[in-house]
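Student: My structure is below; once you've seen it, I'll send some questions.
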Amino acid sequence: MARKESSLDRVLGRIESLDVTNLANLAQKLARERAYLETIFNTTLEGILVVDEDGVVEYANESSCRMIGFNQADVGSAVLWRLIPSLRGSLGLLDGEPLRDSIRSRELELTYPEPRYARIYILPFKEPVEEGAKQFVVMLSDITRDKISSEENLESEKIASILLLAAGVAHELGNPLNSLTIHLQLMERQLKKLEATPSTEKLADSLQISRGEVERLDGIVKNFLEAIRPQRPDLQLLNLHEVLEEVLQFVRSELTDREISVEVEVDMGTSSELPIVQADKNQLKQVFFNLIKNAMEAMQPGGSLQVKTRSDEERIFLQFGDTGSGIQQADLPRVFEPYHTTKEDGNGLGLMIVQRIMREHGGHVGIDSQPGDGTVVTLDFPKENRRIRMLEG
Ligand SMILES: Nc1ncnc2c1ncn2[C@@H]1O[C@H](COP(=O)(O)OP(=O)(O)OP(=O)(O)O)[C@@H](O)[C@H]1O
Ligand SMILES: [Mg+2]
């Protein structure tokens, strides 16, 4: 609990011996310092809140009030879970369950006072201000613009549809080209039956050129179709566990080599539903593979990878927990950035790809980490099974 002693600490240390004037001076000094810090907190664009382990808000800066429609008068009584309703489910906290000590990061859709996307970080205080009371800093970053621009990158989707159109046109060109070839052949045959004259020779030359050109066109069309063969996401209803099993099969020998054990646990609540989502299988495999690879790379022999499934009304959660090195608090906000890596031979692209694919599927990625003890990555997917049930019923 060692802390550097400031001049303020020294004065506070002998507070009992201060006379009225000195006390008044001290109070003024404290008020100034408080105003100074508050100005700093209110100037940042990030929302900053302090909550206790039950989520009761103890402090909120101006940006956070703006972002979640919080009223300063509610400090001390408002609960974070009520202000951001989707948060508790995404953290996996049961009713009345307190916040634990890990550092956490989640992407959320805020609906009130206006629709926005935010990434939220929850960081435990290293030294609680009050003895026994656990406190957490909650930081909110508005990522609406970021997310919209990454959706614009899905621009590629637009491009894909234009390509599809072009592919259709190219494909349609195939038929007239075929018929041109046939007719040119017929003309050639007819021409051969005629007596050779300078004009039939000229005609034969022209026909040959035409056939050559038609063949060239045919080649262009074929190459074009080959080059743009659509690679759009191929959405289908998938059981997350079946896809997970396929990826685990694929990495099984590496897991064994590294002496890492794997446990898969399903808890879909009281219902007997299957973890079914609508997704592109290859992309989903890419997500799982990247997370398992990160977990493996973070662990020593003897480590354990635990995959758990749970669900609430609207979403299915899939968690990848490892007993690896964990992520340092300072690194947490950077893990989704392209090229951010702490590994000698890392590219720093894995989690960015995971985030991109999850967003394309209407889902999110969250991270909880206990530096030194391990990391849990949580994926959440929109539920699809209701739709299926309706179709079946
Ligand atoms: N399970 C984990 N445990 C500890 N640190 C992790 C974990 N997952 C990610 N990280 C941290 O986040 C960083 C970024 O991860 P990311 O997968 O994006 O890139 P990378 O693994 O470094 O490289 P690659 O492109 O090969 O995946 C990692 O370098 C590592 O520091
Ligand atoms: Mg990686």
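Residue numbering restarts at 1 in every chain; chains get A, B, ... in the order shown in the structure tokens, and ligands count up from 1 in that same order.
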Could you give me, as a PyMOL selection string, the residues within 7 Å of Lys383 in chain A, counting only C-alpha atoms and dropping anything in the same chain fewer than 2 positions from it?

Tutor: chain A and resi 277+314-316+381+385

Student: Given only C-alpha atoms, how would the per-residue table for range 234-328 of chain A near range 355-369 of chain A read, listing every residue at most 9 Å away with its closest atom pair and distance in Å to one decimal, sorted by chain and number, as CSV?

Tutor:
residue,atom,partner,partner_atom,distance
A:Gln278,CA,A:His361,CA,7.8
A:Ala279,CA,A:His361,CA,6.5
A:Asp280,CA,A:His361,CA,8.5
A:Gln283,CA,A:Ile357,CA,6.7
A:Leu284,CA,A:Ile357,CA,7.7
A:Gln286,CA,A:Ile357,CA,8.7
A:Val287,CA,A:Ile357,CA,7.3
A:Arg315,CA,A:Gly363,CA,8.8
A:Gly326,CA,A:Ser369,CA,5.4
A:Ile327,CA,A:Ser369,CA,5.8
A:Gln328,CA,A:Ser369,CA,8.0

Student: Could you list, as a ChimeraX atom specification, all protein and nucleic acid residues with an atom at most 9 Å from ligand 1, counting only C-alpha atoms and all ligand atoms?

Tutor: /A:290-299,320-328,331-332,334-354,367,369,371,374-377

Student: Can you pull out the residues contacting range 256-261 of chain A? Cut-off 9 Å, using only C-alpha atoms, and skip same-chain residues under 2 positions away; I want them as number ranges by chain.

Tutor: A: 251-254, 263, 296, 299-306

Student: Please produce an output containing all heavy atoms for each residue in the selection, written as a CSV table (one decimal), in the first residue's frame.

Tutor:
chain,number,residue,atom,x,y,z
A,251,VAL,N,-7.0,-28.6,-34.5
A,251,VAL,CA,-5.8,-28.2,-33.7
A,251,VAL,C,-5.5,-29.2,-32.6
A,251,VAL,O,-4.6,-29.0,-31.8
A,251,VAL,CB,-6.1,-26.8,-33.0
A,251,VAL,CG1,-6.1,-25.7,-34.1
A,251,VAL,CG2,-7.4,-26.9,-32.2
A,252,ARG,N,-6.2,-30.4,-32.6
A,252,ARG,CA,-6.0,-31.4,-31.6
A,252,ARG,C,-4.6,-31.7,-31.3
A,252,ARG,O,-4.1,-31.7,-30.2
A,252,ARG,CB,-6.8,-32.6,-31.9
A,252,ARG,CG,-6.9,-33.7,-30.8
A,252,ARG,CD,-7.8,-33.4,-29.7
A,252,ARG,NE,-9.2,-33.2,-30.2
A,252,ARG,CZ,-10.2,-32.7,-29.4
A,252,ARG,NH1,-10.0,-32.4,-28.2
A,252,ARG,NH2,-11.4,-32.6,-29.9
A,253,SER,N,-3.9,-32.0,-32.4
A,253,SER,CA,-2.5,-32.5,-32.2
A,253,SER,C,-1.6,-31.4,-31.6
A,253,SER,O,-0.7,-31.7,-30.8
A,253,SER,CB,-1.9,-33.1,-33.5
A,253,SER,OG,-1.9,-32.1,-34.5
A,254,GLU,N,-1.8,-30.2,-32.0
A,254,GLU,CA,-1.0,-29.1,-31.5
A,254,GLU,C,-1.3,-28.9,-30.0
A,254,GLU,O,-0.4,-28.6,-29.2
A,254,GLU,CB,-1.3,-27.8,-32.3
A,254,GLU,CG,-0.3,-26.7,-31.8
A,254,GLU,CD,-0.1,-25.6,-32.8
A,254,GLU,OE1,-0.8,-25.5,-33.8
A,254,GLU,OE2,0.6,-24.6,-32.5
A,263,GLU,N,-11.8,-28.4,-22.3
A,263,GLU,CA,-13.1,-28.8,-21.8
A,263,GLU,C,-14.2,-28.0,-22.5
A,263,GLU,O,-14.0,-26.8,-22.7
A,263,GLU,CB,-13.2,-28.4,-20.3
A,263,GLU,CG,-12.9,-29.5,-19.3
A,263,GLU,CD,-12.9,-28.9,-17.9
A,263,GLU,OE1,-14.0,-28.4,-17.5
A,263,GLU,OE2,-11.8,-28.9,-17.3
A,296,MET,N,-3.8,-20.8,-26.9
A,296,MET,CA,-2.6,-21.7,-26.9
A,296,MET,C,-1.3,-20.9,-26.7
A,296,MET,O,-0.5,-21.3,-26.0
A,296,MET,CB,-2.6,-22.5,-28.2
A,296,MET,CG,-3.5,-23.7,-28.3
A,296,MET,SD,-3.0,-24.8,-29.6
A,296,MET,CE,-3.1,-23.9,-31.1
A,299,MET,N,-0.5,-19.8,-23.2
A,299,MET,CA,-0.4,-20.8,-22.1
A,299,MET,C,0.9,-21.6,-22.1
A,299,MET,O,1.5,-21.8,-23.1
A,299,MET,CB,-1.6,-21.7,-22.1
A,299,MET,CG,-2.9,-21.1,-21.7
A,299,MET,SD,-4.2,-22.2,-21.4
A,299,MET,CE,-4.7,-22.6,-23.1
A,300,GLN,N,1.2,-22.0,-20.9
A,300,GLN,CA,2.4,-22.9,-20.7
A,300,GLN,C,1.8,-24.4,-20.8
A,300,GLN,O,0.6,-24.6,-20.6
A,300,GLN,CB,3.0,-22.7,-19.4
A,300,GLN,CG,3.5,-21.3,-19.1
A,300,GLN,CD,4.7,-20.9,-20.0
A,300,GLN,OE1,5.5,-21.8,-20.4
A,300,GLN,NE2,4.7,-19.7,-20.5
A,301,PRO,N,2.7,-25.3,-20.9
A,301,PRO,CA,2.3,-26.7,-20.8
A,301,PRO,C,1.5,-26.9,-19.5
A,301,PRO,O,1.9,-26.4,-18.5
A,301,PRO,CB,3.6,-27.5,-20.8
A,301,PRO,CG,4.5,-26.7,-21.6
A,301,PRO,CD,4.2,-25.3,-21.3
A,302,GLY,N,0.4,-27.7,-19.6
A,302,GLY,CA,-0.4,-27.9,-18.4
A,302,GLY,C,-1.6,-27.0,-18.3
A,302,GLY,O,-2.4,-27.1,-17.5
A,303,GLY,N,-1.6,-26.1,-19.3
A,303,GLY,CA,-2.7,-25.1,-19.3
A,303,GLY,C,-4.0,-25.7,-19.7
A,303,GLY,O,-4.1,-26.9,-20.1
A,304,SER,N,-5.1,-25.0,-19.5
A,304,SER,CA,-6.4,-25.5,-19.8
A,304,SER,C,-7.2,-24.5,-20.6
A,304,SER,O,-7.3,-23.3,-20.2
A,304,SER,CB,-7.0,-26.1,-18.6
A,304,SER,OG,-8.3,-25.5,-18.4
A,305,LEU,N,-7.9,-25.0,-21.6
A,305,LEU,CA,-8.8,-24.2,-22.4
A,305,LEU,C,-10.2,-24.6,-22.1
A,305,LEU,O,-10.5,-25.8,-22.2
A,305,LEU,CB,-8.5,-24.4,-23.9
A,305,LEU,CG,-9.5,-23.8,-24.9
A,305,LEU,CD1,-9.4,-22.3,-24.9
A,305,LEU,CD2,-9.2,-24.3,-26.3
A,306,GLN,N,-11.0,-23.7,-21.7
A,306,GLN,CA,-12.4,-24.0,-21.4
A,306,GLN,C,-13.4,-23.3,-22.3
A,306,GLN,O,-13.3,-22.0,-22.3
A,306,GLN,CB,-12.7,-23.7,-19.9
A,306,GLN,CG,-11.9,-24.5,-19.0
A,306,GLN,CD,-12.3,-24.3,-17.5
A,306,GLN,OE1,-12.7,-23.1,-17.2
A,306,GLN,NE2,-12.2,-25.3,-16.7

Student: Per residue of range 205-302 of chain A within 7 Å of range 167-189 of chain A, record the nearest atom pair and its distance in Å to one decimal, counting only C-alpha atoms, with rows in chain order and ascending residue number, as JSON lines.

Tutor:
{"residue": "A:Leu207", "atom": "CA", "partner": "A:Leu184", "partner_atom": "CA", "distance": 6.7}
{"residue": "A:Arg211", "atom": "CA", "partner": "A:Thr181", "partner_atom": "CA", "distance": 6.6}
{"residue": "A:Val214", "atom": "CA", "partner": "A:Leu177", "partner_atom": "CA", "distance": 6.7}
{"residue": "A:Asp218", "atom": "CA", "partner": "A:Leu177", "partner_atom": "CA", "distance": 6.9}
{"residue": "A:Val221", "atom": "CA", "partner": "A:Ala170", "partner_atom": "CA", "distance": 5.8}
{"residue": "A:Leu225", "atom": "CA", "partner": "A:Ala167", "partner_atom": "CA", "distance": 6.0}

Student: Save the residues we just selected, N, CA and C atoms, as an mmCIF file, in the first residue's frame?

Tutor:
data_model
loop_
_atom_site.group_PDB
_atom_site.id
_atom_site.type_symbol
_atom_site.label_atom_id
_atom_site.label_comp_id
_atom_site.auth_asym_id
_atom_site.auth_seq_id
_atom_site.Cartn_x
_atom_site.Cartn_y
_atom_site.Cartn_z
ATOM 1 N N LEU A 207 -14.347 -14.432 -92.287
ATOM 2 C CA LEU A 207 -14.966 -15.399 -91.371
ATOM 3 C C LEU A 207 -13.944 -15.897 -90.350
ATOM 4 N N ARG A 211 -14.185 -15.574 -86.336
ATOM 5 C CA ARG A 211 -14.123 -16.709 -85.404
ATOM 6 C C ARG A 211 -13.053 -16.489 -84.351
ATOM 7 N N VAL A 214 -14.419 -14.027 -81.853
ATOM 8 C CA VAL A 214 -15.436 -14.641 -80.990
ATOM 9 C C VAL A 214 -14.757 -15.519 -79.935
ATOM 10 N N ASP A 218 -14.916 -15.068 -75.913
ATOM 11 C CA ASP A 218 -15.291 -16.195 -75.075
ATOM 12 C C ASP A 218 -14.256 -16.387 -73.957
ATOM 13 N N VAL A 221 -14.633 -13.629 -71.317
ATOM 14 C CA VAL A 221 -15.787 -13.893 -70.453
ATOM 15 C C VAL A 221 -15.459 -15.008 -69.448
ATOM 16 N N LEU A 225 -15.340 -14.522 -65.405
ATOM 17 C CA LEU A 225 -16.187 -15.297 -64.491
ATOM 18 C C LEU A 225 -15.347 -16.035 -63.457
#

Student: Here is a test: counting only C-alpha atoms, which residue of A:Asp146, A:Glu62, A:Glu273, A:Asp54 is nearest to Glu313 in chain A?

Tutor: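 Closest to Glu313 in chain A of all the choices is A:Glu273.
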
Student: Quick one: DSSP alpha helix (DSSP H) residues in range 51-244 of chain A, as a VMD selection string?

Tutor: chain A and resid 62 to 68 80 to 83 85 to 91 144 to 152 155 to 193 198 to 227 240 to 244

Student: Identify all residues of range 24-74 of chain A in strand (DSSP E) (DSSP on the backbone) and supply them as a PDB file with C-alpha atoms, in the first residue's frame.

Tutor:
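Result file follows (selection-v6.pdb):
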ATOM      1  CA  GLY A  47     -17.376   8.615 -20.540  1.00  0.00           C
ATOM      2  CA  ILE A  48     -15.978   7.891 -17.083  1.00  0.00           C
ATOM      3  CA  LEU A  49     -17.972   6.440 -14.219  1.00  0.00           C
ATOM      4  CA  VAL A  50     -17.081   4.918 -10.891  1.00  0.00           C
ATOM      5  CA  VAL A  51     -19.326   2.131  -9.624  1.00  0.00           C
ATOM      6  CA  ASP A  52     -19.262  -0.195  -6.672  1.00  0.00           C
ATOM      7  CA  VAL A  57     -22.874   4.759  -9.673  1.00  0.00           C
ATOM      8  CA  GLU A  58     -20.615   6.782  -7.380  1.00  0.00           C
ATOM      9  CA  TYR A  59     -19.261   9.211  -9.917  1.00  0.00           C
ATOM     10  CA  ALA A  60     -20.100  10.164 -13.510  1.00  0.00           C
TER      11      ALA A  60
END

Student: Could you please determine the separation between CA of Leu37 in chain A and CA of Gln370 in chain A in Å, to one decimal place?

Tutor: 29.0 Å

Student: As a VMD selection string, please: the residues near Leu26 in chain A (cut-off 12 Å, only C-alpha atoms, same-chain neighbours under 2 positions excluded).

Tutor: chain A and resid 7 to 12 14 to 15 18 to 24 28 to 33

Student: Work out how far CA of Val247 in chain A is from CA of Ser105 in chain A, in Å to one decimal.

Tutor: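 Separation between CA of Ser105 in chain A and CA of Val247 in chain A: 25.4 Å.
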
Student: Write out as a list in words which residues come within 10 Å of Ser77 in chain A when counting only C-alpha atoms, dropping same-chain ones fewer than 3 positions away.

Tutor: Gly55, Val56, Val57, Glu58, Ala73, Asp74 and Leu80 of chain A

Student: Please produce a file of those selected residues containing N, CA, C and O atoms, as an mmCIF file, in the first residue's frame.

Tutor:
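After the write, selection.cif holds the following:
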data_model
loop_
_atom_site.group_PDB
_atom_site.id
_atom_site.type_symbol
_atom_site.label_atom_id
_atom_site.label_comp_id
_atom_site.auth_asym_id
_atom_site.auth_seq_id
_atom_site.Cartn_x
_atom_site.Cartn_y
_atom_site.Cartn_z
ATOM 1 N N GLY A 55 -22.726 -2.229 -8.922
ATOM 2 C CA GLY A 55 -23.055 -1.409 -10.079
ATOM 3 C C GLY A 55 -23.638 -0.046 -9.723
ATOM 4 O O GLY A 55 -24.053 0.697 -10.611
ATOM 5 N N VAL A 56 -23.680 0.295 -8.427
ATOM 6 C CA VAL A 56 -24.225 1.597 -8.031
ATOM 7 C C VAL A 56 -23.233 2.694 -8.443
ATOM 8 O O VAL A 56 -22.039 2.606 -8.144
ATOM 9 N N VAL A 57 -23.750 3.712 -9.147
ATOM 10 C CA VAL A 57 -22.874 4.759 -9.673
ATOM 11 C C VAL A 57 -22.450 5.714 -8.560
ATOM 12 O O VAL A 57 -23.284 6.286 -7.862
ATOM 13 N N GLU A 58 -21.123 5.879 -8.417
ATOM 14 C CA GLU A 58 -20.615 6.782 -7.380
ATOM 15 C C GLU A 58 -20.065 8.058 -7.976
ATOM 16 O O GLU A 58 -19.878 9.052 -7.289
ATOM 17 N N ALA A 73 -28.012 13.853 -10.429
ATOM 18 C CA ALA A 73 -28.766 13.723 -9.186
ATOM 19 C C ALA A 73 -28.897 12.260 -8.758
ATOM 20 O O ALA A 73 -29.198 11.966 -7.601
ATOM 21 N N ASP A 74 -28.658 11.352 -9.707
ATOM 22 C CA ASP A 74 -28.829 9.935 -9.395
ATOM 23 C C ASP A 74 -27.561 9.252 -8.907
ATOM 24 O O ASP A 74 -27.543 8.029 -8.716
ATOM 25 N N LEU A 80 -25.782 0.771 -12.650
ATOM 26 C CA LEU A 80 -25.275 0.700 -14.021
ATOM 27 C C LEU A 80 -26.089 -0.254 -14.904
ATOM 28 O O LEU A 80 -26.362 0.027 -16.056
#

Student: Of the residues A:Glu245, A:Glu195, A:Asp380, A:Asp101, which is the one nearest to Ser311 in chain A, using only C-alpha atoms?

Tutor: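 Residue with the minimum atom-to-atom distance to Ser311 in chain A: A:Asp380.
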
Student: Using only C-alpha atoms, which protein or nucleic acid residues come within 6 Å of Leu123 in chain A? Drop anything in the same chain fewer than 2 positions from it, and give the result as number ranges by chain.

Tutor: A: 103, 136-137

Student: Can you work out which one of A:Phe317, A:Phe224, A:Phe250, A:Phe289 has the shortest atom-to-atom distance to ligand 2, counting only C-alpha atoms and all ligand atoms?

Tutor: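 Among the listed residues, the smallest separation from ligand 2 belongs to A:Phe289.
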